[in-house]
Structures are given as structure tokens and as C-alpha cells.
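J.: One structure, pasted below without further comment.
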Amino acid sequence: LPEPTQQRLFFALWPDASVRQALQAAGRQAGAGSGRPVHPDDLHMTLVFLGQVATERLPDVQTVADGIVMRPFDLAIDRFGWWKRSRILWCAPSRVPEALPGLFDQLQAGLADCGFAPERRPYRPHVTLARKVTQVVPGTLDRPIAWPVDSFALIASRTGGEPPRYRVLKKWPADS
Ligand code: ATP
Ligand code: MG
């Protein structure tokens, strides 16, 4: 097979099996079934979306990630909501620990230094639970999800075809 010359990439928090299962349950409560639920193996929290990246730029991307200062932190995913425009059903923490925008800012700054176009929109941490959802009244999760975050990951995304769509290329553990 020919080597891909570019890949669609993003940085994300990648849940372990138990958090993944809890996110799936959150989706059921929030009404993911009325749309197209995200495949359980694809559930994640995006940090920074890179888009198409040439394979020769991968070392630069990894060097940026190597330079990130990260301590482990806890996320409490306790609410869900719906965005009308994108028709996305999501869940999120009502209290965002400073470490999370901290990760976003560091990645963004490092990538900008390497010539990647920065994200213009403000960072809104969320986990997409389902797409093509017509409408959902926002609410509180019956079972808030305790998500101990001790790493972040570089993910490759393929469009089209069957889910799961995402693949972990590399994980960076937090400095404990
Ligand atoms: P598709 O676009 O084929 O429907 P997808 O949205 O699941 O599939 P990607 O578009 O590769 O897959 O997106 C990967 C992740 O990055 C998702 O969490 C998505 O919400 C997020 N993302 C995509 N585009 C952007 C963007 N322009 N800014 C911020 N995050 C983005
Ligand atoms: Mg997309």
C-alpha cells in the first residue's frame, strides 16, 4: 500500500474504557438515539483540530506535543446540551479546570510557532455524543462522569467509511 502523504489530525483527550462506557450511557440519557450516535470507540474531547497535515510535518507536530507541560487533573462531566446550527448533542463539565484551556493554549501557541493556522473560535470543551439531532432540551446527567485525565493524544481521522473513524497515533502522559 502507498504511504499516505497527508493525514487529518487533531489533539484530544482520549477516554479509557470505563469513561467511554459512562459517556455512552450519558448519550443514552441525553437522547443520542434520536440522531446518529458517535461510535463508542470514537468518543473523545477535542483539544485542537489541525485538519490535513502533510506527513513530513508530523515530526514538528510531535515536537510541539513533547513540549507541553501537563499535570494530571480531574474532569467532572455533568451536563449535556445541543447546538442548533451543527445539530450536535454534547456533554461537558460545568466547571472547566484551568488545566484544560491551559492545554489548548499551549498546543495552539506551539503549533502557531510551527506555522499552523490558529483556531479563531473560543475553545468550548465538549464531547460530541451524537450528530443530526433535531432538538434536545439541555439538562444535567443522572450520573456525572468522573474523568481522571492523565494524558493527551494525537488522533488521525478518516472521513467516510464505517466508524470507528479515529485512531490514536501517539499519547503523551502527564508529568505526575
Ligand atoms: P466528518 O467531518 O467526516 O463528519 P468528524 O467530524 O467526526 O467527521 P473530523 O471532522 O475529522 O471528524 O473531526 C475530528 C474532531 O475534530 C471532531 O471532534 C470534530 O468536532 C473536531 N473538529 C473538526 N473540525 C473542527 C474545527 N474546524 N475546529 C475545531 N474542531 C474541529
Ligand atoms: Mg467534522
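Residues in the C-alpha cells are numbered from 1 in each chain, the chains being A, B, ... in the order shown, and ligands are numbered from 1 in the order shown.
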Which residues come within 12 Å of A:Cys114, counting only C-alpha atoms, excluding same-chain residues fewer than 6 positions away, as number ranges by chain?
T.: A: 57-65, 107-108
J.: Write out the residues from the selection above, keeping C-alpha atoms, as a JSON list (two decimals), in the first residue's frame.
T.:
```
[["chain", "number", "residue", "atom", "x", "y", "z"],
["A", 57, "ARG", "CA", 5.18, 17.79, 9.14],
["A", 58, "LEU", "CA", 4.42, 15.06, 11.69],
["A", 59, "PRO", "CA", 7.77, 15.43, 13.49],
["A", 60, "ASP", "CA", 7.01, 19.14, 14.04],
["A", 61, "VAL", "CA", 3.61, 18.29, 15.48],
["A", 62, "GLN", "CA", 5.15, 15.71, 17.81],
["A", 63, "THR", "CA", 7.83, 18.17, 18.93],
["A", 64, "VAL", "CA", 5.09, 20.64, 19.91],
["A", 65, "ALA", "CA", 3.39, 17.91, 21.95],
["A", 107, "LEU", "CA", -0.83, 23.42, 21.89],
["A", 108, "GLN", "CA", -2.19, 26.35, 19.94]]
```
J.: Taking only C-alpha atoms and all ligand atoms into account, report as an NGL selection string which residues have an atom no farther than 10 Å from an atom of ligand 1.
T.: :A and (7-12 or 38-39 or 42-52 or 86 or 88 or 118-128 or 130-131 or 155-161 or 163-166)
J.: Which distance in Å separates atom CA of A:Ile68 and atom CA of A:Ala174, to one decimal?
T.: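 Spanning atom CA of A:Ile68 to atom CA of A:Ala174 is a straight-line distance of 9.0 Å.
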J.: Out of stretch 105-169 of chain A, which residues get strand (DSSP E or B) from DSSP, as a list in words?
T.: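 Result set for stretch 105-169 of chain A (strand (DSSP E or B)): Val127, Thr128, Leu129, Ala130, Arg131, Gly139, Thr140, Leu141, Asp142, Arg143, Pro144, Ile145, Ala146, Trp147, Pro148, Val149, Ser151, Phe152, Ala153, Leu154, Ile155, Ala156, Ser157, Tyr166, Arg167, Val168 and Leu169 of chain A.
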J.: Could you state the separation of atom CA of A:Gly81 and atom CA of A:Lys132 in Å, given to one decimal place?
T.: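 Atom CA of A:Gly81 sits 13.5 Å away from atom CA of A:Lys132.
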J.: What's the 10 Å shell around A:Asp150, counting only C-alpha atoms, without same-chain residues fewer than 3 positions away, as a list in words?
T.: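 Using only C-alpha atoms, the neighbours found are Leu13, Trp14, Pro15, Met70, Arg71, Pro72, Phe73, Asp74, Trp147, Trp172, Pro173, Ala174, Asp175 and Ser176 of chain A.
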J.: Run DSSP on the backbone and tell me which residues of stretch 22-131 of chain A come out as alpha helix (DSSP H); list them as a PDB file with N, CA, C and O atoms, in the first residue's frame.
T.:
```pdb
ATOM      1  N   ALA A  22     -19.224   5.229  30.334  1.00  0.00           N
ATOM      2  CA  ALA A  22     -20.043   6.225  31.023  1.00  0.00           C
ATOM      3  C   ALA A  22     -20.532   7.298  30.041  1.00  0.00           C
ATOM      4  O   ALA A  22     -21.668   7.773  30.141  1.00  0.00           O
ATOM      5  N   LEU A  23     -19.684   7.671  29.086  1.00  0.00           N
ATOM      6  CA  LEU A  23     -20.086   8.661  28.080  1.00  0.00           C
ATOM      7  C   LEU A  23     -21.201   8.108  27.195  1.00  0.00           C
ATOM      8  O   LEU A  23     -22.137   8.819  26.823  1.00  0.00           O
ATOM      9  N   GLN A  24     -21.093   6.840  26.904  1.00  0.00           N
ATOM     10  CA  GLN A  24     -22.127   6.174  26.109  1.00  0.00           C
ATOM     11  C   GLN A  24     -23.471   6.203  26.843  1.00  0.00           C
ATOM     12  O   GLN A  24     -24.514   6.490  26.255  1.00  0.00           O
ATOM     13  N   ALA A  25     -23.421   5.922  28.144  1.00  0.00           N
ATOM     14  CA  ALA A  25     -24.631   5.960  28.972  1.00  0.00           C
ATOM     15  C   ALA A  25     -25.184   7.386  29.032  1.00  0.00           C
ATOM     16  O   ALA A  25     -26.405   7.593  28.969  1.00  0.00           O
ATOM     17  N   ALA A  26     -24.298   8.359  29.116  1.00  0.00           N
ATOM     18  CA  ALA A  26     -24.714   9.768  29.112  1.00  0.00           C
ATOM     19  C   ALA A  26     -25.459  10.079  27.818  1.00  0.00           C
ATOM     20  O   ALA A  26     -26.488  10.766  27.822  1.00  0.00           O
ATOM     21  N   GLY A  27     -24.944   9.566  26.720  1.00  0.00           N
ATOM     22  CA  GLY A  27     -25.587   9.764  25.422  1.00  0.00           C
ATOM     23  C   GLY A  27     -26.986   9.184  25.391  1.00  0.00           C
ATOM     24  O   GLY A  27     -27.915   9.803  24.865  1.00  0.00           O
ATOM     25  N   ARG A  28     -27.144   8.020  26.004  1.00  0.00           N
ATOM     26  CA  ARG A  28     -28.478   7.402  26.043  1.00  0.00           C
ATOM     27  C   ARG A  28     -29.448   8.283  26.818  1.00  0.00           C
ATOM     28  O   ARG A  28     -30.580   8.514  26.395  1.00  0.00           O
ATOM     29  N   GLN A  29     -28.990   8.779  27.979  1.00  0.00           N
ATOM     30  CA  GLN A  29     -29.875   9.639  28.769  1.00  0.00           C
ATOM     31  C   GLN A  29     -30.221  10.933  28.026  1.00  0.00           C
ATOM     32  O   GLN A  29     -31.367  11.393  28.055  1.00  0.00           O
ATOM     33  N   ALA A  30     -29.216  11.494  27.340  1.00  0.00           N
ATOM     34  CA  ALA A  30     -29.395  12.805  26.704  1.00  0.00           C
ATOM     35  C   ALA A  30     -30.193  12.722  25.412  1.00  0.00           C
ATOM     36  O   ALA A  30     -30.583  13.751  24.856  1.00  0.00           O
ATOM     37  N   LEU A  58       4.709  15.794  10.459  1.00  0.00           N
ATOM     38  CA  LEU A  58       4.417  15.059  11.695  1.00  0.00           C
ATOM     39  C   LEU A  58       5.470  15.248  12.784  1.00  0.00           C
ATOM     40  O   LEU A  58       5.114  15.432  13.953  1.00  0.00           O
ATOM     41  N   PRO A  59       6.762  15.205  12.439  1.00  0.00           N
ATOM     42  CA  PRO A  59       7.772  15.427  13.489  1.00  0.00           C
ATOM     43  C   PRO A  59       7.605  16.771  14.193  1.00  0.00           C
ATOM     44  O   PRO A  59       7.763  16.848  15.418  1.00  0.00           O
ATOM     45  N   ASP A  60       7.265  17.826  13.439  1.00  0.00           N
ATOM     46  CA  ASP A  60       7.014  19.140  14.043  1.00  0.00           C
ATOM     47  C   ASP A  60       5.857  19.074  15.034  1.00  0.00           C
ATOM     48  O   ASP A  60       5.931  19.618  16.132  1.00  0.00           O
ATOM     49  N   VAL A  61       4.796  18.409  14.625  1.00  0.00           N
ATOM     50  CA  VAL A  61       3.608  18.288  15.481  1.00  0.00           C
ATOM     51  C   VAL A  61       3.971  17.547  16.764  1.00  0.00           C
ATOM     52  O   VAL A  61       3.572  17.931  17.864  1.00  0.00           O
ATOM     53  N   GLN A  62       4.759  16.492  16.631  1.00  0.00           N
ATOM     54  CA  GLN A  62       5.147  15.712  17.808  1.00  0.00           C
ATOM     55  C   GLN A  62       6.067  16.512  18.720  1.00  0.00           C
ATOM     56  O   GLN A  62       5.984  16.388  19.944  1.00  0.00           O
ATOM     57  N   THR A  63       6.935  17.338  18.128  1.00  0.00           N
ATOM     58  CA  THR A  63       7.828  18.168  18.932  1.00  0.00           C
ATOM     59  C   THR A  63       7.029  19.173  19.755  1.00  0.00           C
ATOM     60  O   THR A  63       7.342  19.424  20.922  1.00  0.00           O
ATOM     61  N   VAL A  64       5.981  19.729  19.163  1.00  0.00           N
ATOM     62  CA  VAL A  64       5.093  20.636  19.912  1.00  0.00           C
ATOM     63  C   VAL A  64       4.502  19.901  21.112  1.00  0.00           C
ATOM     64  O   VAL A  64       4.523  20.389  22.242  1.00  0.00           O
ATOM     65  N   ALA A  65       4.010  18.693  20.874  1.00  0.00           N
ATOM     66  CA  ALA A  65       3.390  17.909  21.949  1.00  0.00           C
ATOM     67  C   ALA A  65       4.417  17.558  23.032  1.00  0.00           C
ATOM     68  O   ALA A  65       4.096  17.576  24.227  1.00  0.00           O
ATOM     69  N   ASP A  66       5.643  17.249  22.611  1.00  0.00           N
ATOM     70  CA  ASP A  66       6.712  16.918  23.573  1.00  0.00           C
ATOM     71  C   ASP A  66       6.944  18.074  24.547  1.00  0.00           C
ATOM     72  O   ASP A  66       7.355  17.860  25.683  1.00  0.00           O
ATOM     73  N   ALA A  99      -6.571  23.708  33.809  1.00  0.00           N
ATOM     74  CA  ALA A  99      -5.619  22.889  33.055  1.00  0.00           C
ATOM     75  C   ALA A  99      -6.095  22.635  31.625  1.00  0.00           C
ATOM     76  O   ALA A  99      -5.273  22.439  30.712  1.00  0.00           O
ATOM     77  N   LEU A 100      -7.392  22.646  31.419  1.00  0.00           N
ATOM     78  CA  LEU A 100      -7.935  22.302  30.097  1.00  0.00           C
ATOM     79  C   LEU A 100      -7.698  23.405  29.065  1.00  0.00           C
ATOM     80  O   LEU A 100      -7.050  23.151  28.033  1.00  0.00           O
ATOM     81  N   PRO A 101      -8.175  24.649  29.315  1.00  0.00           N
ATOM     82  CA  PRO A 101      -7.774  25.723  28.405  1.00  0.00           C
ATOM     83  C   PRO A 101      -6.261  25.910  28.387  1.00  0.00           C
ATOM     84  O   PRO A 101      -5.698  26.361  27.377  1.00  0.00           O
ATOM     85  N   GLY A 102      -5.595  25.541  29.486  1.00  0.00           N
ATOM     86  CA  GLY A 102      -4.133  25.597  29.536  1.00  0.00           C
ATOM     87  C   GLY A 102      -3.505  24.714  28.470  1.00  0.00           C
ATOM     88  O   GLY A 102      -2.559  25.109  27.786  1.00  0.00           O
ATOM     89  N   LEU A 103      -4.034  23.515  28.328  1.00  0.00           N
ATOM     90  CA  LEU A 103      -3.559  22.586  27.291  1.00  0.00           C
ATOM     91  C   LEU A 103      -3.830  23.154  25.902  1.00  0.00           C
ATOM     92  O   LEU A 103      -2.965  23.124  25.018  1.00  0.00           O
ATOM     93  N   PHE A 104      -5.054  23.640  25.719  1.00  0.00           N
ATOM     94  CA  PHE A 104      -5.439  24.234  24.436  1.00  0.00           C
ATOM     95  C   PHE A 104      -4.477  25.366  24.067  1.00  0.00           C
ATOM     96  O   PHE A 104      -3.942  25.414  22.956  1.00  0.00           O
ATOM     97  N   ASP A 105      -4.250  26.280  25.014  1.00  0.00           N
ATOM     98  CA  ASP A 105      -3.394  27.443  24.748  1.00  0.00           C
ATOM     99  C   ASP A 105      -1.966  27.032  24.395  1.00  0.00           C
ATOM    100  O   ASP A 105      -1.377  27.569  23.464  1.00  0.00           O
ATOM    101  N   GLN A 106      -1.430  26.065  25.148  1.00  0.00           N
ATOM    102  CA  GLN A 106      -0.057  25.624  24.881  1.00  0.00           C
ATOM    103  C   GLN A 106       0.069  24.985  23.511  1.00  0.00           C
ATOM    104  O   GLN A 106       1.024  25.252  22.767  1.00  0.00           O
ATOM    105  N   LEU A 107      -0.879  24.095  23.191  1.00  0.00           N
ATOM    106  CA  LEU A 107      -0.829  23.423  21.889  1.00  0.00           C
ATOM    107  C   LEU A 107      -0.956  24.442  20.763  1.00  0.00           C
ATOM    108  O   LEU A 107      -0.186  24.444  19.793  1.00  0.00           O
ATOM    109  N   GLN A 108      -1.915  25.324  20.931  1.00  0.00           N
ATOM    110  CA  GLN A 108      -2.192  26.355  19.938  1.00  0.00           C
ATOM    111  C   GLN A 108      -0.968  27.232  19.694  1.00  0.00           C
ATOM    112  O   GLN A 108      -0.613  27.511  18.551  1.00  0.00           O
ATOM    113  N   ALA A 109      -0.327  27.643  20.782  1.00  0.00           N
ATOM    114  CA  ALA A 109       0.845  28.514  20.665  1.00  0.00           C
ATOM    115  C   ALA A 109       2.000  27.780  19.991  1.00  0.00           C
ATOM    116  O   ALA A 109       2.664  28.319  19.102  1.00  0.00           O
ATOM    117  N   GLY A 110       2.235  26.531  20.416  1.00  0.00           N
ATOM    118  CA  GLY A 110       3.316  25.741  19.832  1.00  0.00           C
ATOM    119  C   GLY A 110       3.091  25.480  18.348  1.00  0.00           C
ATOM    120  O   GLY A 110       4.023  25.555  17.541  1.00  0.00           O
ATOM    121  N   LEU A 111       1.857  25.189  18.003  1.00  0.00           N
ATOM    122  CA  LEU A 111       1.525  24.914  16.596  1.00  0.00           C
ATOM    123  C   LEU A 111       1.647  26.187  15.761  1.00  0.00           C
ATOM    124  O   LEU A 111       2.134  26.145  14.627  1.00  0.00           O
ATOM    125  N   ALA A 112       1.229  27.321  16.333  1.00  0.00           N
ATOM    126  CA  ALA A 112       1.346  28.601  15.622  1.00  0.00           C
ATOM    127  C   ALA A 112       2.818  28.908  15.330  1.00  0.00           C
ATOM    128  O   ALA A 112       3.156  29.379  14.245  1.00  0.00           O
ATOM    129  N   ASP A 113       3.700  28.595  16.290  1.00  0.00           N
ATOM    130  CA  ASP A 113       5.140  28.802  16.089  1.00  0.00           C
ATOM    131  C   ASP A 113       5.655  27.961  14.932  1.00  0.00           C
ATOM    132  O   ASP A 113       6.663  28.298  14.322  1.00  0.00           O
TER     133      ASP A 113
END
```
J.: Just give me the gap between atom CA of A:Trp82 and atom CA of A:Pro138 in Å, one decimal is fine.
T.: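 Rounded to one decimal, the two atoms are 6.6 Å apart.
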J.: Tell me which protein, DNA and RNA residues are within 7 Å of A:Ile145, counting only C-alpha atoms, leaving out same-chain ones fewer than 4 positions away, and put them as number ranges by chain.
T.: A: 22, 76-78
J.: Which residues are near A:Arg79? Cut-off 8 Å, only C-alpha atoms, ignore same chain within fewer than 5 positions. Put them as a PDB file with N, CA and C atoms, in the first residue's frame.
T.:
```pdb
ATOM      1  N   CYS A  91     -21.902  16.556  25.701  1.00  0.00           N
ATOM      2  CA  CYS A  91     -21.842  16.689  27.152  1.00  0.00           C
ATOM      3  C   CYS A  91     -20.556  17.413  27.513  1.00  0.00           C
ATOM      4  N   ALA A  92     -20.546  17.997  28.703  1.00  0.00           N
ATOM      5  CA  ALA A  92     -19.440  18.887  29.075  1.00  0.00           C
ATOM      6  C   ALA A  92     -19.380  19.046  30.591  1.00  0.00           C
ATOM      7  N   PRO A  93     -18.241  19.552  31.073  1.00  0.00           N
ATOM      8  CA  PRO A  93     -18.155  19.871  32.506  1.00  0.00           C
ATOM      9  C   PRO A  93     -18.718  21.267  32.759  1.00  0.00           C
ATOM     10  N   SER A  94     -19.526  21.465  33.816  1.00  0.00           N
ATOM     11  CA  SER A  94     -19.967  22.840  34.101  1.00  0.00           C
ATOM     12  C   SER A  94     -18.835  23.657  34.699  1.00  0.00           C
ATOM     13  N   PRO A 138     -31.433  21.093  27.107  1.00  0.00           N
ATOM     14  CA  PRO A 138     -30.248  20.841  27.915  1.00  0.00           C
ATOM     15  C   PRO A 138     -30.610  20.344  29.310  1.00  0.00           C
ATOM     16  N   GLY A 139     -29.726  19.591  29.911  1.00  0.00           N
ATOM     17  CA  GLY A 139     -30.019  19.044  31.227  1.00  0.00           C
ATOM     18  C   GLY A 139     -28.775  18.611  31.979  1.00  0.00           C
ATOM     19  N   THR A 140     -29.037  17.982  33.110  1.00  0.00           N
ATOM     20  CA  THR A 140     -27.981  17.500  33.993  1.00  0.00           C
ATOM     21  C   THR A 140     -27.907  15.982  33.884  1.00  0.00           C
ATOM     22  N   LEU A 141     -26.712  15.452  33.881  1.00  0.00           N
ATOM     23  CA  LEU A 141     -26.555  14.000  33.796  1.00  0.00           C
ATOM     24  C   LEU A 141     -26.970  13.346  35.106  1.00  0.00           C
ATOM     25  N   PRO A 144     -23.086  11.946  36.943  1.00  0.00           N
ATOM     26  CA  PRO A 144     -21.941  12.741  36.486  1.00  0.00           C
ATOM     27  C   PRO A 144     -20.724  11.843  36.297  1.00  0.00           C
TER      28      PRO A 144
END
```
